[in-house]
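Structure file input34.txt (compact mmCIF, C-alpha atoms) follows.
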# COMPACT_ATOMS: atom_id res chain seq x y z
CA MET A 30 27.03 31.77 -22.10
CA ALA A 31 29.49 31.61 -19.23
CA GLY A 32 29.35 34.36 -16.66
CA ALA A 33 25.86 35.60 -15.84
CA LYS A 34 23.49 33.09 -14.31
CA LEU A 35 20.68 31.92 -16.54
CA PHE A 36 18.29 31.16 -13.68
CA VAL A 37 18.02 33.16 -10.47
CA ARG A 38 15.82 32.50 -7.44
CA ARG A 39 14.13 35.75 -6.43
CA ARG A 40 13.10 36.81 -2.94
CA ASP A 41 9.44 36.20 -3.75
CA GLY A 42 10.24 32.53 -4.45
CA ARG A 43 9.94 32.68 -8.21
CA VAL A 44 12.73 31.61 -10.53
CA GLU A 45 13.73 34.27 -13.04
CA VAL A 46 14.73 33.03 -16.49
CA ARG A 47 17.54 35.23 -17.86
CA MET A 48 17.91 33.51 -21.19
CA ASN A 49 18.13 35.05 -24.64
CA GLU A 50 16.07 33.95 -27.62
CA PHE A 51 18.69 31.47 -28.77
CA GLY A 52 18.83 29.84 -25.34
CA ARG A 53 15.06 29.59 -25.21
CA SER A 54 14.98 28.03 -28.67
CA VAL A 55 17.43 25.32 -27.52
CA VAL A 56 15.35 24.63 -24.42
CA LYS A 57 12.11 24.65 -26.40
CA SER A 58 13.53 22.12 -28.84
CA ALA A 59 14.60 19.87 -25.95
CA PHE A 60 11.11 20.05 -24.36
CA GLU A 61 9.43 19.25 -27.68
CA ASN A 62 11.72 16.31 -28.27
CA VAL A 63 10.98 14.81 -24.84
CA LEU A 64 7.24 15.09 -25.44
CA ALA A 65 7.53 13.64 -28.95
CA ALA A 66 9.75 10.79 -27.73
CA GLU A 67 7.29 9.87 -25.01
CA ARG A 68 4.45 9.62 -27.54
CA ASP A 69 6.32 8.12 -30.50
CA PRO A 70 7.95 4.67 -30.05
CA ALA A 71 9.99 5.28 -33.23
CA HIS A 72 11.64 8.42 -31.81
CA GLU A 73 15.37 7.98 -31.19
CA TRP A 74 14.97 9.09 -27.56
CA HIS A 75 12.05 6.75 -26.82
CA ILE A 76 14.20 3.86 -25.63
CA ALA A 77 15.97 6.14 -23.15
CA LEU A 78 12.60 7.06 -21.65
CA SER A 79 11.28 3.52 -21.30
CA GLY A 80 13.97 1.64 -19.39
CA PRO A 81 12.63 -1.17 -17.20
CA ILE A 82 11.96 -0.49 -13.55
CA ASP A 83 12.80 -4.08 -12.60
CA PRO A 84 15.25 -5.58 -15.12
CA SER A 85 14.79 -9.06 -13.62
CA LEU A 86 11.28 -9.22 -15.06
CA ASP A 87 10.48 -9.86 -18.70
CA HIS A 88 7.54 -7.51 -18.56
CA ASP A 89 7.66 -4.32 -16.59
CA ASN A 90 4.96 -3.36 -14.13
CA PRO A 91 2.30 -1.71 -16.34
CA VAL A 92 1.02 0.48 -13.50
CA SER A 93 4.50 1.88 -12.89
CA MET A 94 5.07 2.38 -16.62
CA LEU A 95 1.81 4.28 -16.91
CA ALA A 96 2.70 6.46 -13.94
CA ARG A 97 6.07 7.26 -15.48
CA GLN A 98 4.54 8.04 -18.88
CA ASN A 99 1.95 10.37 -17.34
CA GLU A 100 4.49 12.21 -15.19
CA LEU A 101 6.98 12.59 -18.04
CA SER A 102 4.34 13.97 -20.38
CA THR A 103 2.92 16.27 -17.72
CA ASN A 104 6.35 17.75 -16.91
CA ALA A 105 7.26 18.18 -20.58
CA GLU A 106 3.88 19.76 -21.38
CA LEU A 107 4.11 22.17 -18.44
CA ALA A 108 7.69 23.05 -19.39
CA GLY A 109 6.64 23.64 -23.00
CA LEU A 110 3.70 25.82 -21.99
CA THR A 111 5.94 28.07 -19.88
CA ILE A 112 8.80 28.38 -22.37
CA SER A 113 8.22 32.12 -22.90
CA GLU A 114 7.72 32.98 -19.22
CA GLU A 115 10.11 35.38 -17.55
CA PHE A 116 9.36 33.99 -14.09
CA LEU A 117 8.63 30.39 -13.07
CA ASN A 118 6.98 29.15 -9.91
CA ASP A 119 8.44 26.19 -8.03
CA GLY A 120 6.45 23.54 -9.89
CA GLU A 121 7.25 25.04 -13.27
CA ALA A 122 10.95 25.29 -12.43
CA TRP A 123 10.93 21.64 -11.36
CA ALA A 124 9.25 20.68 -14.66
CA TRP A 125 11.98 22.56 -16.54
CA LEU A 126 14.73 20.85 -14.52
CA THR A 127 13.38 17.32 -14.94
CA THR A 128 12.56 17.74 -18.64
CA LEU A 129 16.00 19.21 -19.39
CA GLN A 130 17.62 16.37 -17.47
CA VAL A 131 15.56 13.79 -19.40
CA ALA A 132 16.63 15.49 -22.65
CA LEU A 133 20.28 15.47 -21.59
CA ARG A 134 20.34 11.78 -20.65
CA SER A 135 18.31 10.80 -23.73
CA THR A 136 20.82 12.65 -25.93
CA ALA A 137 23.68 10.79 -24.29
CA GLN A 138 21.99 7.41 -24.50
CA SER A 139 20.82 7.76 -28.11
CA ASN A 140 24.37 8.74 -29.13
CA GLY A 141 25.99 5.89 -27.22
CA LEU A 142 27.66 8.20 -24.70
CA LEU A 143 27.76 5.78 -21.80
CA SER A 144 31.22 6.57 -20.43
CA ASP A 145 33.51 9.57 -19.99
CA GLU A 146 35.73 8.27 -22.81
CA GLN A 147 32.81 7.99 -25.23
CA LEU A 148 31.66 11.48 -24.28
CA ALA A 149 35.14 12.91 -24.89
CA ALA A 150 35.30 11.19 -28.29
CA SER A 151 31.91 12.48 -29.49
CA THR A 152 31.51 15.09 -32.23
CA ASP A 153 31.83 18.81 -31.50
CA GLU A 154 28.16 19.30 -32.29
CA ILE A 155 26.96 16.75 -29.76
CA LEU A 156 29.49 17.84 -27.18
CA THR A 157 28.39 21.49 -27.51
CA TYR A 158 24.74 20.50 -27.14
CA VAL A 159 25.52 18.36 -24.06
CA ARG A 160 27.59 21.13 -22.46
CA THR A 161 24.83 23.68 -23.15
CA LEU A 162 22.17 21.54 -21.47
CA GLN A 163 24.55 20.86 -18.57
CA GLN A 164 25.07 24.61 -18.09
CA PHE A 165 21.30 25.21 -18.07
CA LEU A 166 20.84 22.41 -15.56
CA PHE A 167 23.70 23.56 -13.36
CA ASP A 168 22.26 27.06 -13.05
CA LEU A 169 18.72 25.82 -12.56
CA ALA A 170 19.77 23.28 -9.89
CA ALA A 171 21.33 26.12 -7.90
CA CYS A 172 17.81 27.58 -7.48
CA PHE A 173 16.59 24.53 -5.50
CA MET B 18 -7.49 -55.08 31.60
CA ALA B 19 -6.77 -51.71 33.12
CA SER B 20 -4.81 -49.24 31.06
CA THR B 21 -1.52 -47.98 32.41
CA GLN B 22 -1.62 -44.82 30.25
CA PRO B 23 -2.57 -41.61 32.09
CA LEU B 24 -6.03 -40.32 31.30
CA ARG B 25 -4.77 -36.78 30.81
CA ARG B 26 -1.67 -35.85 28.97
CA THR B 27 0.81 -34.04 31.13
CA THR B 28 2.81 -32.50 28.34
CA THR B 29 2.42 -31.25 24.80
CA GLU B 30 6.13 -31.58 24.10
CA GLY B 31 6.79 -33.07 20.71
CA GLU B 32 3.29 -32.41 19.44
CA VAL B 33 3.51 -28.72 18.82
CA ASP B 34 5.85 -27.69 16.05
CA VAL B 35 7.52 -24.54 17.23
CA LYS B 36 9.07 -22.45 14.50
CA ASP B 37 11.98 -20.54 15.89
CA ALA B 38 12.71 -18.31 12.93
CA VAL B 39 10.18 -15.95 11.38
CA GLU B 40 10.80 -15.46 7.70
CA THR B 41 10.14 -11.91 6.54
CA GLN B 42 9.96 -10.62 3.01
CA LYS B 43 13.30 -9.38 1.74
CA PRO B 44 13.34 -5.64 1.16
CA TRP B 45 13.59 -4.06 -2.27
CA SER B 46 16.24 -1.49 -3.03
CA VAL B 47 16.16 1.48 -5.35
CA VAL B 48 19.41 1.60 -7.32
CA VAL B 49 20.64 4.72 -9.14
CA TRP B 50 23.22 4.20 -11.88
CA ASP B 51 26.01 6.54 -12.94
CA ASP B 52 26.09 8.24 -16.33
CA PRO B 53 28.72 10.54 -17.82
CA VAL B 54 26.54 13.59 -18.48
CA THR B 55 24.30 14.35 -15.48
CA PRO B 56 25.70 17.25 -13.41
CA MET B 57 26.41 16.30 -9.79
CA ALA B 58 24.41 19.26 -8.47
CA VAL B 59 21.33 18.00 -10.33
CA VAL B 60 21.58 14.56 -8.73
CA VAL B 61 21.76 16.14 -5.26
CA VAL B 62 18.71 18.32 -5.95
CA ILE B 63 16.70 15.37 -7.26
CA PHE B 64 17.55 13.17 -4.24
CA ARG B 65 16.65 15.99 -1.85
CA LYS B 66 13.36 16.72 -3.58
CA ILE B 67 12.21 13.10 -3.95
CA PHE B 68 13.44 11.54 -0.69
CA GLY B 69 13.63 14.61 1.55
CA TYR B 70 17.12 13.61 2.69
CA SER B 71 19.55 16.16 4.12
CA ASN B 72 21.95 17.91 1.79
CA ASN B 73 24.81 15.97 3.36
CA LYS B 74 23.21 12.58 2.79
CA CYS B 75 22.25 13.49 -0.79
CA THR B 76 25.84 14.51 -1.51
CA GLN B 77 27.17 11.25 -0.04
CA LEU B 78 24.74 9.22 -2.17
CA MET B 79 25.61 11.22 -5.29
CA LEU B 80 29.33 10.60 -4.68
CA ALA B 81 28.66 6.88 -4.16
CA VAL B 82 26.89 6.78 -7.55
CA HIS B 83 29.75 8.69 -9.16
CA HIS B 84 32.61 6.62 -7.71
CA GLU B 85 31.06 3.15 -7.54
CA GLY B 86 28.89 3.32 -10.65
CA ARG B 87 25.70 2.70 -8.66
CA ALA B 88 24.27 3.26 -5.21
CA LEU B 89 21.34 1.98 -3.16
CA VAL B 90 19.39 5.10 -2.33
CA TRP B 91 16.36 3.62 -0.59
CA SER B 92 15.22 0.23 0.73
CA GLY B 93 11.83 -1.11 1.82
CA HIS B 94 8.51 -2.36 0.45
CA ARG B 95 8.33 -3.15 -3.24
CA GLU B 96 5.45 -0.78 -4.01
CA ARG B 97 7.23 2.22 -2.51
CA ALA B 98 10.47 1.21 -4.22
CA GLU B 99 8.66 1.17 -7.57
CA SER B 100 7.09 4.53 -6.84
CA TYR B 101 10.46 6.10 -5.99
CA CYS B 102 11.99 4.48 -9.08
CA VAL B 103 9.31 6.02 -11.29
CA LYS B 104 9.90 9.45 -9.75
CA LEU B 105 13.65 9.19 -10.27
CA GLN B 106 13.22 8.05 -13.87
CA VAL B 107 10.79 10.89 -14.51
CA ALA B 108 13.44 13.24 -13.10
CA GLY B 109 15.87 11.85 -15.67
CA LEU B 110 18.09 9.57 -13.59
CA GLN B 111 18.89 6.01 -14.61
CA CYS B 112 17.29 3.90 -11.93
CA THR B 113 16.09 0.34 -11.25
CA ILE B 114 14.82 -1.73 -8.33
CA GLU B 115 16.18 -5.03 -7.06
CA GLN B 116 15.42 -7.37 -4.18
CA ASP B 117 18.10 -7.68 -1.54
CA ASN B 118 19.91 -11.02 -1.35

Please render this file's structure as structure tokens.
Amino acid sequence: MAGAKLFVRRRDGRVEVRMNEFGRSVVKSAFENVLAAERDPAHEWHIALSGPIDPSLDHDNPVSMLARQNELSTNAELAGLTISEEFLNDGEAWAWLTTLQVALRSTAQSNGLLSDEQLAASTDEILTYVRTLQQFLFDLAACF
Amino acid sequence: MASTQPLRRTTTEGEVDVKDAVETQKPWSVVVWDDPVTPMAVVVVIFRKIFGYSNNKCTQLMLAVHHEGRALVWSGHRERAESYCVKLQVAGLQCTIEQDN
């Protein structure tokens, strides 16, 4: 996957997705997992998506939690709906970036990867998945 | 018997409690925490998009998160701090708010 850029900002402002079917299937799976985790409290990623805004309080601010839930779901839904698109507008590209980033951090948190040492000691499968998402994010971030 | 007290007070000294210091509400800070997987470029993009900071300032904040484990990225009213915190969490960064001491 190294070499050619996976996301390119075109002159007309759109972001071109230069990803093969396998790449899109990885991204699609990540988007679906974020959406599922947001809706299902039993999902292994759910806890990573529901961290408190103010840890000093026993109960988080319900208005803030609702806002977060809505925005997360909206981004993941928009990202999922545009998974087959060749070109993304700015809002769609942002939804892809944020949803991929949520998927990356949720993967790390649910696998206990909270330090560089823990990341280095993780299995090849997890490490490959993390590095793949990081590469997607790195290329996409360069478009903003 | 005639009073020796003046009919009109000539001073209000000692009767009015003047408060020298005005106590204001302590500001709330938005704190972003480091994690081992988020690419640095992504953090910079998210800061720029959400706060509208310059690229230079976003890079400095990202490096502060990376080297110190956490960084205060915004300070002010609680409601706005919560709003920024929600946006950062939605963007996938680990973030909390805390009141300044």

Neighbours of chain B in chain A at 8 Å, counting all atoms listed in the file, as a VMD selection string: chain A and resid 78 81 to 85 93 to 94 96 to 97 100 to 101 126 to 128 130 to 134 137 142 to 145 148 159 163 166 to 167 170 to 171 173

Using C-alpha atoms, can you write the selected residues to a file as a PDB file, in the frame of the given file?
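Final file, part_23.pdb:
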ATOM      1  CA  LEU A  78      12.600   7.060 -21.650  1.00  0.00           C
ATOM      2  CA  PRO A  81      12.630  -1.170 -17.200  1.00  0.00           C
ATOM      3  CA  ILE A  82      11.960  -0.490 -13.550  1.00  0.00           C
ATOM      4  CA  ASP A  83      12.800  -4.080 -12.600  1.00  0.00           C
ATOM      5  CA  PRO A  84      15.250  -5.580 -15.120  1.00  0.00           C
ATOM      6  CA  SER A  85      14.790  -9.060 -13.620  1.00  0.00           C
ATOM      7  CA  SER A  93       4.500   1.880 -12.890  1.00  0.00           C
ATOM      8  CA  MET A  94       5.070   2.380 -16.620  1.00  0.00           C
ATOM      9  CA  ALA A  96       2.700   6.460 -13.940  1.00  0.00           C
ATOM     10  CA  ARG A  97       6.070   7.260 -15.480  1.00  0.00           C
ATOM     11  CA  GLU A 100       4.490  12.210 -15.190  1.00  0.00           C
ATOM     12  CA  LEU A 101       6.980  12.590 -18.040  1.00  0.00           C
ATOM     13  CA  LEU A 126      14.730  20.850 -14.520  1.00  0.00           C
ATOM     14  CA  THR A 127      13.380  17.320 -14.940  1.00  0.00           C
ATOM     15  CA  THR A 128      12.560  17.740 -18.640  1.00  0.00           C
ATOM     16  CA  GLN A 130      17.620  16.370 -17.470  1.00  0.00           C
ATOM     17  CA  VAL A 131      15.560  13.790 -19.400  1.00  0.00           C
ATOM     18  CA  ALA A 132      16.630  15.490 -22.650  1.00  0.00           C
ATOM     19  CA  LEU A 133      20.280  15.470 -21.590  1.00  0.00           C
ATOM     20  CA  ARG A 134      20.340  11.780 -20.650  1.00  0.00           C
ATOM     21  CA  ALA A 137      23.680  10.790 -24.290  1.00  0.00           C
ATOM     22  CA  LEU A 142      27.660   8.200 -24.700  1.00  0.00           C
ATOM     23  CA  LEU A 143      27.760   5.780 -21.800  1.00  0.00           C
ATOM     24  CA  SER A 144      31.220   6.570 -20.430  1.00  0.00           C
ATOM     25  CA  ASP A 145      33.510   9.570 -19.990  1.00  0.00           C
ATOM     26  CA  LEU A 148      31.660  11.480 -24.280  1.00  0.00           C
ATOM     27  CA  VAL A 159      25.520  18.360 -24.060  1.00  0.00           C
ATOM     28  CA  GLN A 163      24.550  20.860 -18.570  1.00  0.00           C
ATOM     29  CA  LEU A 166      20.840  22.410 -15.560  1.00  0.00           C
ATOM     30  CA  PHE A 167      23.700  23.560 -13.360  1.00  0.00           C
ATOM     31  CA  ALA A 170      19.770  23.280  -9.890  1.00  0.00           C
ATOM     32  CA  ALA A 171      21.330  26.120  -7.900  1.00  0.00           C
ATOM     33  CA  PHE A 173      16.590  24.530  -5.500  1.00  0.00           C
TER      34      PHE A 173
END

Protein/DNA/RNA residues near (14.1, 2.9, -1.6), cut 8 Å, all atoms listed in the file, as number ranges by chain: B: 45-48, 89-94, 97-98, 101-102

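Atom CA of A:Ser54 lies 12.4 Å from atom CA of A:Tyr158.
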
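Compared by their closest atoms to A:Glu61, and using all atoms listed in the file, the residues A:Ser102, A:Thr152, A:Ser79, A:Gln147 rank with A:Ser102 nearest.
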
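Going from atom CA of A:Ala65 over to atom CA of A:Asn140, you cover 17.5 Å.
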
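Counting all atoms listed in the file, the residue from A:Asp168, A:Leu156, A:Ile112, A:Ala77 that sits nearest to A:Ser135 is A:Ala77.
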
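Between atom CA of A:Lys57 and atom CA of A:Phe165 the separation is 12.4 Å.
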
Within 7 Å of B:Val82 using all atoms listed in the file, minus same-chain residues under 6 positions, as a PyMOL selection string: chain B and resi 49-51+88

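Excluding A:Phe116 itself and same-chain residues fewer than 3 positions from it, the residues having an atom within 6 Å of it are A:Val44, A:Glu45, A:Val46, counting all atoms listed in the file.
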
Can you patch up stretch 121-154 of chain A, filling it in to N, CA and C atoms, and show the result as an mmCIF file, in the coordinates of the input?
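Contents of selection19.cif, as written:
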data_model
loop_
_atom_site.group_PDB
_atom_site.id
_atom_site.type_symbol
_atom_site.label_atom_id
_atom_site.label_comp_id
_atom_site.auth_asym_id
_atom_site.auth_seq_id
_atom_site.Cartn_x
_atom_site.Cartn_y
_atom_site.Cartn_z
ATOM 1 N N GLU A 121 6.816 24.831 -11.883
ATOM 2 C CA GLU A 121 7.250 25.040 -13.270
ATOM 3 C C GLU A 121 8.768 24.880 -13.405
ATOM 4 N N ALA A 122 9.489 25.413 -12.406
ATOM 5 C CA ALA A 122 10.950 25.290 -12.430
ATOM 6 C C ALA A 122 11.369 23.822 -12.323
ATOM 7 N N TRP A 123 10.638 23.068 -11.499
ATOM 8 C CA TRP A 123 10.930 21.640 -11.360
ATOM 9 C C TRP A 123 10.642 20.912 -12.684
ATOM 10 N N ALA A 124 9.568 21.284 -13.353
ATOM 11 C CA ALA A 124 9.250 20.680 -14.660
ATOM 12 C C ALA A 124 10.350 20.981 -15.675
ATOM 13 N N TRP A 125 10.866 22.202 -15.642
ATOM 14 C CA TRP A 125 11.980 22.560 -16.540
ATOM 15 C C TRP A 125 13.204 21.690 -16.225
ATOM 16 N N LEU A 126 13.529 21.596 -14.928
ATOM 17 C CA LEU A 126 14.730 20.850 -14.520
ATOM 18 C C LEU A 126 14.627 19.385 -14.953
ATOM 19 N N THR A 127 13.504 18.744 -14.641
ATOM 20 C CA THR A 127 13.380 17.320 -14.940
ATOM 21 C C THR A 127 13.339 17.071 -16.458
ATOM 22 N N THR A 128 12.662 17.946 -17.195
ATOM 23 C CA THR A 128 12.560 17.740 -18.640
ATOM 24 C C THR A 128 13.918 17.976 -19.321
ATOM 25 N N LEU A 129 14.648 18.986 -18.844
ATOM 26 C CA LEU A 129 16.000 19.210 -19.390
ATOM 27 C C LEU A 129 16.917 18.038 -19.074
ATOM 28 N N GLN A 130 16.785 17.511 -17.862
ATOM 29 C CA GLN A 130 17.620 16.370 -17.470
ATOM 30 C C GLN A 130 17.279 15.128 -18.304
ATOM 31 N N VAL A 131 15.985 14.916 -18.549
ATOM 32 C CA VAL A 131 15.560 13.790 -19.400
ATOM 33 C C VAL A 131 16.134 13.981 -20.818
ATOM 34 N N ALA A 132 16.091 15.209 -21.316
ATOM 35 C CA ALA A 132 16.630 15.490 -22.650
ATOM 36 C C ALA A 132 18.132 15.237 -22.699
ATOM 37 N N LEU A 133 18.824 15.652 -21.640
ATOM 38 C CA LEU A 133 20.280 15.470 -21.590
ATOM 39 C C LEU A 133 20.639 13.981 -21.604
ATOM 40 N N ARG A 134 19.989 13.209 -20.738
ATOM 41 C CA ARG A 134 20.340 11.780 -20.650
ATOM 42 C C ARG A 134 19.891 11.033 -21.905
ATOM 43 N N SER A 135 18.774 11.446 -22.494
ATOM 44 C CA SER A 135 18.310 10.800 -23.730
ATOM 45 C C SER A 135 19.290 11.076 -24.864
ATOM 46 N N THR A 136 19.817 12.309 -24.917
ATOM 47 C CA THR A 136 20.820 12.650 -25.930
ATOM 48 C C THR A 136 22.040 11.752 -25.783
ATOM 49 N N ALA A 137 22.487 11.609 -24.542
ATOM 50 C CA ALA A 137 23.680 10.790 -24.290
ATOM 51 C C ALA A 137 23.414 9.330 -24.682
ATOM 52 N N GLN A 138 22.284 8.825 -24.260
ATOM 53 C CA GLN A 138 21.990 7.410 -24.500
ATOM 54 C C GLN A 138 21.800 7.123 -25.995
ATOM 55 N N SER A 139 21.093 8.013 -26.690
ATOM 56 C CA SER A 139 20.820 7.760 -28.110
ATOM 57 C C SER A 139 22.084 7.910 -28.958
ATOM 58 N N ASN A 140 23.105 8.606 -28.409
ATOM 59 C CA ASN A 140 24.370 8.740 -29.130
ATOM 60 C C ASN A 140 25.453 7.799 -28.598
ATOM 61 N N GLY A 141 25.052 6.881 -27.745
ATOM 62 C CA GLY A 141 25.990 5.890 -27.220
ATOM 63 C C GLY A 141 27.040 6.468 -26.294
ATOM 64 N N LEU A 142 26.706 7.569 -25.620
ATOM 65 C CA LEU A 142 27.660 8.200 -24.700
ATOM 66 C C LEU A 142 27.438 7.639 -23.297
ATOM 67 N N LEU A 143 28.005 6.469 -23.060
ATOM 68 C CA LEU A 143 27.760 5.780 -21.800
ATOM 69 C C LEU A 143 28.964 5.815 -20.862
ATOM 70 N N SER A 144 30.035 6.458 -21.295
ATOM 71 C CA SER A 144 31.220 6.570 -20.430
ATOM 72 C C SER A 144 31.882 7.924 -20.702
ATOM 73 N N ASP A 145 32.791 8.306 -19.809
ATOM 74 C CA ASP A 145 33.510 9.570 -19.990
ATOM 75 C C ASP A 145 34.338 9.559 -21.282
ATOM 76 N N GLU A 146 34.896 8.386 -21.602
ATOM 77 C CA GLU A 146 35.730 8.270 -22.810
ATOM 78 C C GLU A 146 34.880 8.470 -24.065
ATOM 79 N N GLN A 147 33.700 7.850 -24.075
ATOM 80 C CA GLN A 147 32.810 7.990 -25.230
ATOM 81 C C GLN A 147 32.334 9.427 -25.369
ATOM 82 N N LEU A 148 32.092 10.075 -24.244
ATOM 83 C CA LEU A 148 31.660 11.480 -24.280
ATOM 84 C C LEU A 148 32.779 12.351 -24.866
ATOM 85 N N ALA A 149 34.011 12.116 -24.418
ATOM 86 C CA ALA A 149 35.140 12.910 -24.890
ATOM 87 C C ALA A 149 35.397 12.691 -26.392
ATOM 88 N N ALA A 150 35.036 11.508 -26.885
ATOM 89 C CA ALA A 150 35.300 11.190 -28.290
ATOM 90 C C ALA A 150 34.136 11.564 -29.214
ATOM 91 N N SER A 151 33.088 12.154 -28.659
ATOM 92 C CA SER A 151 31.910 12.480 -29.490
ATOM 93 C C SER A 151 32.193 13.712 -30.363
ATOM 94 N N THR A 152 31.307 13.969 -31.308
ATOM 95 C CA THR A 152 31.510 15.090 -32.230
ATOM 96 C C THR A 152 31.354 16.426 -31.500
ATOM 97 N N ASP A 153 31.917 17.469 -32.108
ATOM 98 C CA ASP A 153 31.830 18.810 -31.500
ATOM 99 C C ASP A 153 30.377 19.249 -31.338
ATOM 100 N N GLU A 154 29.561 18.891 -32.327
ATOM 101 C CA GLU A 154 28.160 19.300 -32.290
ATOM 102 C C GLU A 154 27.429 18.705 -31.090
#
